[in-house]
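Structure file structure_19.cif (mmCIF, C-alpha atoms) follows.
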data_entry
loop_
_atom_site.label_atom_id
_atom_site.label_comp_id
_atom_site.auth_asym_id
_atom_site.auth_seq_id
_atom_site.Cartn_x
_atom_site.Cartn_y
_atom_site.Cartn_z
CA MET A 26 -50.47 -39.95 -46.76
CA SER A 27 -46.92 -40.48 -45.48
CA ILE A 28 -44.60 -43.47 -45.28
CA ALA A 29 -42.46 -44.22 -42.22
CA SER A 30 -40.76 -47.57 -41.45
CA GLY A 31 -42.75 -49.19 -44.16
CA GLN A 32 -46.12 -48.29 -42.63
CA VAL A 33 -48.78 -46.07 -44.13
CA LEU A 34 -50.18 -43.45 -41.67
CA SER A 35 -53.72 -42.31 -42.29
CA PRO A 36 -54.68 -38.67 -41.71
CA PRO A 37 -56.36 -37.79 -38.36
CA THR A 38 -59.97 -38.87 -38.24
CA SER A 39 -62.78 -36.59 -37.10
CA ALA A 40 -62.86 -38.41 -33.74
CA ARG A 41 -59.18 -37.67 -33.15
CA ARG A 42 -59.67 -34.04 -34.14
CA GLY A 43 -62.57 -33.81 -31.71
CA ARG A 44 -60.49 -35.23 -28.86
CA LEU A 45 -57.69 -32.77 -29.71
CA ALA A 46 -60.11 -29.83 -29.67
CA THR A 47 -61.53 -31.01 -26.33
CA SER A 48 -58.02 -31.24 -24.83
CA LEU A 49 -57.17 -27.75 -26.05
CA ALA A 50 -60.42 -26.36 -24.61
CA ARG A 51 -59.69 -28.04 -21.26
CA LEU A 52 -56.16 -26.65 -21.26
CA ARG A 53 -57.48 -23.17 -22.05
CA ARG A 54 -59.97 -23.39 -19.16
CA GLN A 55 -57.18 -24.48 -16.83
CA HIS A 56 -55.08 -21.49 -17.88
CA ILE A 57 -58.01 -19.13 -17.26
CA LEU A 58 -58.67 -20.67 -13.83
CA PHE A 59 -54.97 -20.38 -12.97
CA VAL A 60 -54.90 -16.70 -13.94
CA LEU A 61 -58.07 -16.00 -11.95
CA ALA A 62 -56.73 -17.89 -8.94
CA THR A 63 -53.44 -15.97 -8.95
CA LEU A 64 -54.64 -12.50 -9.97
CA GLY A 65 -58.10 -12.65 -8.39
CA PRO A 66 -57.02 -11.84 -4.80
CA ILE A 67 -54.73 -9.08 -6.04
CA LEU A 68 -57.47 -7.51 -8.17
CA LEU A 69 -59.92 -7.82 -5.28
CA LEU A 70 -57.48 -6.12 -2.92
CA PHE A 71 -56.82 -3.40 -5.52
CA GLY A 72 -60.55 -2.83 -5.86
CA VAL A 73 -61.06 -2.56 -2.11
CA ILE A 74 -58.04 -0.31 -1.47
CA ARG A 75 -58.04 1.81 -4.66
CA VAL A 76 -61.22 1.66 -6.72
CA TYR A 77 -63.82 1.68 -3.93
CA PRO A 78 -62.37 4.74 -2.10
CA ILE A 79 -62.31 6.70 -5.37
CA LEU A 80 -65.95 5.84 -6.14
CA GLU A 81 -67.00 6.57 -2.55
CA THR A 82 -65.22 9.94 -2.62
CA ILE A 83 -67.01 10.85 -5.85
CA ARG A 84 -70.34 9.89 -4.27
CA LEU A 85 -69.71 11.88 -1.09
CA SER A 86 -68.83 14.98 -3.11
CA PHE A 87 -72.55 15.34 -3.91
CA TYR A 88 -73.53 15.42 -0.23
CA ASN A 89 -73.26 17.93 2.61
CA TYR A 90 -71.24 15.44 4.62
CA HIS A 91 -69.91 16.70 7.95
CA ILE A 92 -68.21 14.01 9.98
CA THR A 93 -69.84 15.17 13.26
CA GLN A 94 -73.40 15.21 11.90
CA LEU A 95 -75.65 12.23 11.28
CA ARG A 96 -77.75 13.99 8.66
CA ARG A 97 -76.02 14.10 5.27
CA PRO A 98 -78.38 15.69 2.73
CA PHE A 99 -77.86 15.37 -1.00
CA ILE A 100 -76.91 18.78 -2.46
CA GLY A 101 -75.92 17.88 -6.03
CA LEU A 102 -73.26 20.13 -7.51
CA GLU A 103 -73.33 22.69 -4.72
CA ASN A 104 -69.89 21.69 -3.41
CA TYR A 105 -68.43 22.16 -6.89
CA ALA A 106 -70.12 25.54 -7.24
CA ARG A 107 -68.56 26.63 -3.95
CA LEU A 108 -65.12 25.76 -5.27
CA LEU A 109 -65.41 28.45 -7.94
CA ASP A 110 -65.87 31.12 -5.26
CA ASP A 111 -63.29 29.73 -2.83
CA ASP A 112 -60.20 31.92 -3.07
CA SER A 113 -58.21 29.49 -0.92
CA PHE A 114 -58.96 26.59 -3.29
CA LEU A 115 -58.20 28.62 -6.41
CA THR A 116 -54.90 29.77 -4.90
CA ALA A 117 -54.04 26.17 -4.04
CA LEU A 118 -54.88 25.06 -7.58
CA LEU A 119 -52.69 27.79 -9.09
CA ASN A 120 -49.81 27.05 -6.70
CA THR A 121 -50.02 23.32 -7.42
CA ALA A 122 -49.99 23.91 -11.17
CA GLN A 123 -47.01 26.28 -10.90
CA PHE A 124 -45.08 23.94 -8.62
CA SER A 125 -45.82 20.89 -10.81
CA ALA A 126 -44.82 22.63 -14.04
CA LEU A 127 -41.50 23.79 -12.61
CA SER A 128 -40.74 20.49 -10.88
CA VAL A 129 -41.57 18.27 -13.85
CA VAL A 130 -39.62 20.33 -16.39
CA ILE A 131 -36.54 20.85 -14.19
CA THR A 132 -36.45 17.30 -12.80
CA LEU A 133 -36.81 15.49 -16.12
CA THR A 134 -34.45 17.83 -17.99
CA LEU A 135 -31.74 17.48 -15.35
CA ALA A 136 -32.28 13.72 -15.11
CA LEU A 137 -31.81 13.31 -18.85
CA ALA A 138 -28.67 15.47 -18.83
CA VAL A 139 -27.18 13.54 -15.90
CA ALA A 140 -28.05 10.18 -17.47
CA ILE A 141 -26.33 11.20 -20.73
CA LEU A 142 -23.23 12.34 -18.82
CA LEU A 143 -23.13 9.11 -16.85
CA ARG A 144 -23.25 7.10 -20.04
CA SER A 145 -19.86 8.52 -21.00
CA ILE A 146 -18.39 6.93 -17.85
CA GLU A 147 -20.17 3.59 -18.09
CA ARG A 148 -17.98 1.81 -15.52
CA ALA A 149 -18.52 4.40 -12.80
CA ALA A 150 -22.19 5.04 -13.69
CA PRO A 151 -23.71 2.53 -11.18
CA GLY A 152 -21.88 4.19 -8.29
CA PHE A 153 -23.09 7.66 -9.25
CA GLU A 154 -26.63 6.35 -9.82
CA LEU A 155 -26.54 4.94 -6.28
CA LEU A 156 -25.55 8.36 -4.91
CA PHE A 157 -28.34 10.06 -6.85
CA TYR A 158 -30.82 7.45 -5.65
CA ILE A 159 -30.18 7.94 -1.93
CA PRO A 160 -32.60 10.93 -1.68
CA VAL A 161 -35.29 8.85 -3.40
CA VAL A 162 -35.37 6.29 -0.59
CA THR A 163 -35.14 8.96 2.11
CA PRO A 164 -38.60 9.52 3.67
CA TRP A 165 -40.19 12.87 2.90
CA VAL A 166 -40.54 14.09 6.48
CA PRO A 167 -36.90 13.80 7.65
CA ALA A 168 -35.73 15.08 4.25
CA ALA A 169 -38.00 18.12 4.58
CA VAL A 170 -36.78 18.75 8.15
CA ILE A 171 -33.17 18.73 6.91
CA TRP A 172 -34.02 21.18 4.15
CA LYS A 173 -35.90 23.34 6.64
CA TRP A 174 -32.63 23.87 8.53
CA ILE A 175 -30.76 24.44 5.26
CA TYR A 176 -33.24 27.24 4.46
CA ASP A 177 -32.98 28.79 7.95
CA PRO A 178 -32.63 32.57 7.41
CA MET A 179 -30.07 33.01 10.21
CA TYR A 180 -28.07 29.80 10.46
CA GLY A 181 -28.93 27.92 7.26
CA VAL A 182 -26.16 26.51 5.08
CA LEU A 183 -27.73 27.96 1.93
CA ASN A 184 -27.67 31.57 3.14
CA LEU A 185 -24.19 31.04 4.58
CA GLY A 186 -22.90 29.89 1.19
CA LEU A 187 -24.62 32.71 -0.69
CA SER A 188 -23.22 35.27 1.75
CA LEU A 189 -19.72 34.37 0.54
CA PHE A 190 -20.72 35.88 -2.81
CA GLY A 191 -22.25 38.98 -1.29
CA VAL A 192 -25.88 37.81 -1.47
CA PRO A 193 -27.92 39.10 1.50
CA ARG A 194 -29.75 36.68 3.78
CA LEU A 195 -33.05 35.54 2.30
CA GLY A 196 -36.14 34.19 4.02
CA TRP A 197 -36.71 31.26 1.71
CA LEU A 198 -39.73 30.00 3.65
CA GLN A 199 -41.08 33.40 4.68
CA GLU A 200 -41.24 35.29 1.39
CA PRO A 201 -44.14 34.44 -0.96
CA ASN A 202 -42.00 35.02 -4.07
CA LEU A 203 -39.30 32.56 -2.96
CA ILE A 204 -41.12 29.71 -1.26
CA VAL A 205 -42.30 28.02 -4.45
CA TYR A 206 -38.72 27.84 -5.73
CA ALA A 207 -37.53 26.54 -2.37
CA ILE A 208 -40.07 23.71 -2.47
CA VAL A 209 -39.28 22.99 -6.13
CA LEU A 210 -35.59 22.64 -5.23
CA VAL A 211 -36.45 20.09 -2.53
CA SER A 212 -38.69 18.19 -4.96
CA VAL A 213 -36.00 18.09 -7.67
CA TRP A 214 -33.41 16.89 -5.14
CA LYS A 215 -35.79 14.13 -4.01
CA LEU A 216 -36.98 12.87 -7.40
CA LEU A 217 -33.93 13.35 -9.59
CA GLY A 218 -32.23 10.03 -8.81
CA TYR A 219 -35.28 7.96 -9.74
CA PHE A 220 -35.48 9.39 -13.23
CA VAL A 221 -31.70 9.29 -13.69
CA VAL A 222 -31.94 5.51 -13.24
CA ILE A 223 -34.96 5.27 -15.56
CA TYR A 224 -33.26 7.30 -18.29
CA GLY A 225 -30.03 5.37 -17.80
CA VAL A 226 -31.86 2.13 -18.56
CA GLY A 227 -33.39 3.71 -21.66
CA LEU A 228 -30.05 5.02 -22.93
CA ARG A 229 -28.46 1.58 -22.55
CA GLY A 230 -31.20 0.22 -24.81
CA VAL A 231 -30.34 2.54 -27.71
CA PRO A 232 -28.46 0.44 -30.32
CA GLU A 233 -24.87 1.55 -30.78
CA GLU A 234 -25.13 0.72 -34.49
CA LEU A 235 -27.66 3.49 -35.05
CA LEU A 236 -25.51 6.06 -33.27
CA GLU A 237 -22.43 5.00 -35.22
CA ALA A 238 -24.35 5.14 -38.50
CA ALA A 239 -25.61 8.64 -37.69
CA GLU A 240 -22.09 9.74 -36.79
CA LEU A 241 -20.74 8.38 -40.08
CA ASP A 242 -23.45 10.35 -41.88
CA GLY A 243 -22.06 13.53 -40.33
CA ALA A 244 -24.64 14.03 -37.55
CA THR A 245 -23.46 16.09 -34.61
CA ALA A 246 -23.91 14.98 -31.00
CA TRP A 247 -26.99 17.22 -30.67
CA GLN A 248 -28.50 15.85 -33.89
CA ARG A 249 -27.90 12.28 -32.73
CA LEU A 250 -29.64 13.09 -29.45
CA VAL A 251 -32.64 14.77 -31.08
CA HIS A 252 -33.14 12.51 -34.10
CA VAL A 253 -31.96 9.12 -32.79
CA VAL A 254 -31.89 8.88 -29.01
CA LEU A 255 -35.02 10.82 -28.01
CA PRO A 256 -37.36 9.17 -30.57
CA LEU A 257 -36.23 5.72 -29.42
CA MET A 258 -36.77 6.75 -25.78
CA ARG A 259 -40.28 8.10 -26.40
CA PRO A 260 -42.04 5.44 -24.25
CA ILE A 261 -39.63 5.96 -21.33
CA ILE A 262 -39.95 9.75 -21.56
CA LEU A 263 -43.75 9.44 -21.61
CA PHE A 264 -43.65 7.16 -18.55
CA SER A 265 -41.40 9.63 -16.73
CA VAL A 266 -43.57 12.63 -17.57
CA VAL A 267 -46.75 10.87 -16.40
CA ILE A 268 -45.24 9.57 -13.15
CA CYS A 269 -43.57 12.90 -12.32
CA THR A 270 -46.80 14.80 -13.00
CA ILE A 271 -48.81 12.53 -10.71
CA VAL A 272 -46.24 12.78 -7.91
CA CYS A 273 -45.94 16.57 -8.14
CA PHE A 274 -49.69 17.20 -8.22
CA ASN A 275 -50.04 15.12 -5.05
CA VAL A 276 -47.34 17.02 -3.16
CA PHE A 277 -48.14 17.51 0.50
CA ALA A 278 -45.53 16.30 3.03
CA PRO A 279 -42.69 18.70 2.10
CA VAL A 280 -45.07 21.65 1.91
CA TYR A 281 -46.64 20.77 5.25
CA VAL A 282 -43.29 20.34 7.02
CA LEU A 283 -41.51 23.30 5.43
CA THR A 284 -44.34 25.80 5.90
CA ALA A 285 -45.56 24.78 9.35
CA SER A 286 -43.07 27.18 10.94
CA ALA A 287 -39.50 28.24 10.34
CA GLN A 288 -37.41 27.98 13.50
CA GLY A 289 -39.65 30.27 15.50
CA ALA A 290 -40.66 32.57 12.65
CA PRO A 291 -44.01 31.99 10.95
CA ALA A 292 -43.59 30.66 7.44
CA TYR A 293 -45.62 31.75 4.46
CA ASP A 294 -48.74 29.59 4.09
CA PHE A 295 -48.10 28.02 0.69
CA LYS A 296 -51.37 26.34 -0.26
CA VAL A 297 -51.52 23.21 -2.42
CA LEU A 298 -54.48 21.05 -3.41
CA VAL A 299 -53.73 18.10 -1.15
CA GLY A 300 -53.15 20.50 1.73
CA GLU A 301 -56.56 22.08 1.14
CA ILE A 302 -58.14 18.61 1.03
CA TYR A 303 -56.46 17.77 4.34
CA GLN A 304 -57.60 21.03 5.94
CA ASN A 305 -61.24 20.73 4.86
CA GLY A 306 -61.52 16.99 5.44
CA PHE A 307 -59.54 16.32 8.62
CA VAL A 308 -59.38 19.72 10.34
CA PHE A 309 -62.79 21.23 9.56
CA TYR A 310 -64.46 17.83 8.90
CA HIS A 311 -66.23 18.98 5.72
CA MET A 312 -65.86 15.61 4.02
CA GLY A 313 -68.25 16.33 1.17
CA TYR A 314 -66.45 19.53 0.23
CA ALA A 315 -63.07 17.82 0.54
CA GLY A 316 -64.43 15.06 -1.70
CA ALA A 317 -65.27 17.63 -4.37
CA GLU A 318 -61.70 18.94 -4.16
CA CYS A 319 -60.43 15.36 -4.57
CA VAL A 320 -62.53 14.93 -7.70
CA VAL A 321 -61.16 18.17 -9.16
CA LEU A 322 -57.61 16.99 -8.41
CA LEU A 323 -58.36 13.66 -10.08
CA LEU A 324 -59.81 15.37 -13.16
CA CYS A 325 -56.80 17.70 -13.41
CA VAL A 326 -54.34 14.81 -13.31
CA LEU A 327 -56.35 12.69 -15.75
CA SER A 328 -56.64 15.64 -18.16
CA LEU A 329 -52.91 16.28 -18.06
CA ILE A 330 -52.17 12.59 -18.61
CA ALA A 331 -54.54 12.53 -21.60
CA VAL A 332 -52.78 15.56 -23.09
CA GLN A 333 -49.39 13.92 -22.53
CA LEU A 334 -50.52 10.68 -24.16
CA LEU A 335 -51.74 12.61 -27.19
CA ALA A 336 -48.53 14.64 -27.35
CA PHE A 337 -46.32 11.53 -27.26
CA ARG A 338 -48.41 9.30 -29.54
CA GLU A 339 -46.74 7.81 -32.61
CA ARG A 340 -47.30 9.90 -35.71
#

Take the structure in the file and give it back as structure tokens.
Amino acid sequence: MSIASGQVLSPPTSARRGRLATSLARLRRQHILFVLATLGPILLLFGVIRVYPILETIRLSFYNYHITQLRRPFIGLENYARLLDDDSFLTALLNTAQFSALSVVITLTLALAVAILLRSIERAAPGFELLFYIPVVTPWVPAAVIWKWIYDPMYGVLNLGLSLFGVPRLGWLQEPNLIVYAIVLVSVWKLLGYFVVIYGVGLRGVPEELLEAAELDGATAWQRLVHVVLPLMRPIILFSVVICTIVCFNVFAPVYVLTASAQGAPAYDFKVLVGEIYQNGFVFYHMGYAGAECVVLLLCVLSLIAVQLLAFRER
């Protein structure tokens, strides 16, 4: 019971409560229909472009599917068994793992260091971030062609600069022991700016009060980084590690361009998983076998992501 303007207001009756519940249910249905109407086409397109090709690739991996043959018999796990005896595939898997490990560690470590340095010059940081981001928006193929000339054993800028310090000319794209580092350098150059921007956003979100409190407590700069900044940036670091891992495991364009040839001299054939998938699927037309390689690549990436999620989970 309440009194307002001299009138006594009775509590809501059951009929009024029923009408209110009906209105809320109608509003909820309208919200659901609105979400379905807006996200439905996007989800449908995602299913057609992303989900269906993945499921179809998994299905084809169990068949002896040659693109020039009408008969496609079911062979079960035979394609996967062949992978274990395929030296070319195993070499590609090892090369991809080595390249990804080096690229992820170097790229993310350098990006964090650069982002921390840029935070000390906050006013000039956007300009430097723009400079670092230019390689990110540069397409892979022209970027790889530029780096191919930089690595040229006779006229490349890299060998010319090293010769000033007495280092002999090196065949960066011809020697098996050097080519992985050459490709890693190109990958770091290409990806660094993206993660510098991501880390820069994360560092700006760290409260200054916590850093000042830690400094008053006698914490050094390294201690503040390890015990204050990095724990608060855990989600951003996890995102960066996952994205960088996915990108590096799917490397293909720079390897294909850099190792196709080297200004007239044959380059070392540096095999990676996506390159093997391309060779078997679109050169030799063994689509079933290439599908099995795709599934292995997918399982490798998913396994690494699961390990990373467990490693970065809140304790």

Expected selection from the PyMOL selection byres ((chain A and resi 217) around 12), given as a VMD selection string: chain A and resid 128 to 140 154 to 162 209 to 216 218 to 224 265 269

For atom CA of Arg96 of chain A and atom CA of Ala315 of chain A, the interatomic separation in Å (one decimal): 17.2 Å

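Reported to one decimal place, the separation of atom CA of Leu324 of chain A from atom CA of Val276 of chain A is 16.1 Å.
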
Reference answer for the PyMOL selection byres ((chain A and resi 316) around 7), as a PyMOL selection string: chain A and resi 82-83+85-86+312-315+317-320

Neighbour list for segment 226-238 of chain A as a VMD selection string, cut-off 10 Å, all atoms listed in the file, skip fewer than 5 positions in-chain: chain A and resid 137 140 to 141 144 147 220 to 221 243 to 244 246 249 to 250 253 to 255 257 to 262

Residue members of the PyMOL selection byres ((chain A and resi 299) around 10) in the file shown, as an MDAnalysis selection string: chainID A and resid 117:118 121 274:278 280:281 296:298 300:305 315 318:319 322

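The space between atom CA of Trp174 of chain A and atom CA of Leu283 of chain A spans 9.4 Å.
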
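Residue nearest Arg194 of chain A within the list A:Phe153, A:Tyr176, A:Tyr206, A:Phe337: A:Tyr176 [criterion: smallest interatomic distance, all atoms listed in the file].
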
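Counting all atoms listed in the file, the residue from A:Phe307, A:Pro279, A:Ile204, A:Asp177 that sits nearest to Pro164 of chain A is A:Pro279.
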
Since the input is missing atoms, can you rebuild N, CA and C atoms for segment 120-141 of chain A and write them as an mmCIF file, in the coordinates of the input?
data_model
loop_
_atom_site.group_PDB
_atom_site.id
_atom_site.type_symbol
_atom_site.label_atom_id
_atom_site.label_comp_id
_atom_site.auth_asym_id
_atom_site.auth_seq_id
_atom_site.Cartn_x
_atom_site.Cartn_y
_atom_site.Cartn_z
ATOM 1 N N ASN A 120 -51.117 27.387 -7.260
ATOM 2 C CA ASN A 120 -49.810 27.050 -6.700
ATOM 3 C C ASN A 120 -49.387 25.632 -7.086
ATOM 4 N N THR A 121 -50.331 24.703 -7.059
ATOM 5 C CA THR A 121 -50.020 23.320 -7.420
ATOM 6 C C THR A 121 -49.613 23.216 -8.878
ATOM 7 N N ALA A 122 -50.335 23.932 -9.744
ATOM 8 C CA ALA A 122 -49.990 23.910 -11.170
ATOM 9 C C ALA A 122 -48.616 24.525 -11.409
ATOM 10 N N GLN A 123 -48.321 25.636 -10.741
ATOM 11 C CA GLN A 123 -47.010 26.280 -10.900
ATOM 12 C C GLN A 123 -45.897 25.379 -10.379
ATOM 13 N N PHE A 124 -46.085 24.822 -9.196
ATOM 14 C CA PHE A 124 -45.080 23.940 -8.620
ATOM 15 C C PHE A 124 -44.857 22.713 -9.507
ATOM 16 N N SER A 125 -45.938 22.104 -9.999
ATOM 17 C CA SER A 125 -45.820 20.890 -10.810
ATOM 18 C C SER A 125 -45.109 21.177 -12.125
ATOM 19 N N ALA A 126 -45.460 22.291 -12.762
ATOM 20 C CA ALA A 126 -44.820 22.630 -14.040
ATOM 21 C C ALA A 126 -43.314 22.805 -13.862
ATOM 22 N N LEU A 127 -42.922 23.566 -12.848
ATOM 23 C CA LEU A 127 -41.500 23.790 -12.610
ATOM 24 C C LEU A 127 -40.784 22.488 -12.235
ATOM 25 N N SER A 128 -41.386 21.715 -11.353
ATOM 26 C CA SER A 128 -40.740 20.490 -10.880
ATOM 27 C C SER A 128 -40.584 19.471 -11.992
ATOM 28 N N VAL A 129 -41.634 19.277 -12.790
ATOM 29 C CA VAL A 129 -41.570 18.270 -13.850
ATOM 30 C C VAL A 129 -40.521 18.647 -14.892
ATOM 31 N N VAL A 130 -40.557 19.903 -15.344
ATOM 32 C CA VAL A 130 -39.620 20.330 -16.390
ATOM 33 C C VAL A 130 -38.175 20.260 -15.892
ATOM 34 N N ILE A 131 -37.909 20.819 -14.707
ATOM 35 C CA ILE A 131 -36.540 20.850 -14.190
ATOM 36 C C ILE A 131 -36.044 19.440 -13.863
ATOM 37 N N THR A 132 -36.870 18.644 -13.198
ATOM 38 C CA THR A 132 -36.450 17.300 -12.800
ATOM 39 C C THR A 132 -36.122 16.429 -14.002
ATOM 40 N N LEU A 133 -37.016 16.383 -14.982
ATOM 41 C CA LEU A 133 -36.810 15.490 -16.120
ATOM 42 C C LEU A 133 -35.692 15.983 -17.033
ATOM 43 N N THR A 134 -35.551 17.300 -17.172
ATOM 44 C CA THR A 134 -34.450 17.830 -17.990
ATOM 45 C C THR A 134 -33.101 17.526 -17.355
ATOM 46 N N LEU A 135 -32.990 17.776 -16.046
ATOM 47 C CA LEU A 135 -31.740 17.480 -15.350
ATOM 48 C C LEU A 135 -31.452 15.983 -15.336
ATOM 49 N N ALA A 136 -32.479 15.171 -15.140
ATOM 50 C CA ALA A 136 -32.280 13.720 -15.110
ATOM 51 C C ALA A 136 -31.752 13.214 -16.440
ATOM 52 N N LEU A 137 -32.291 13.729 -17.542
ATOM 53 C CA LEU A 137 -31.810 13.310 -18.850
ATOM 54 C C LEU A 137 -30.361 13.751 -19.072
ATOM 55 N N ALA A 138 -30.046 14.978 -18.670
ATOM 56 C CA ALA A 138 -28.670 15.470 -18.830
ATOM 57 C C ALA A 138 -27.696 14.648 -18.000
ATOM 58 N N VAL A 139 -28.061 14.339 -16.756
ATOM 59 C CA VAL A 139 -27.180 13.540 -15.900
ATOM 60 C C VAL A 139 -27.021 12.134 -16.451
ATOM 61 N N ALA A 140 -28.121 11.533 -16.923
ATOM 62 C CA ALA A 140 -28.050 10.180 -17.470
ATOM 63 C C ALA A 140 -27.142 10.131 -18.698
ATOM 64 N N ILE A 141 -27.193 11.158 -19.545
ATOM 65 C CA ILE A 141 -26.330 11.200 -20.730
ATOM 66 C C ILE A 141 -24.863 11.346 -20.312
#
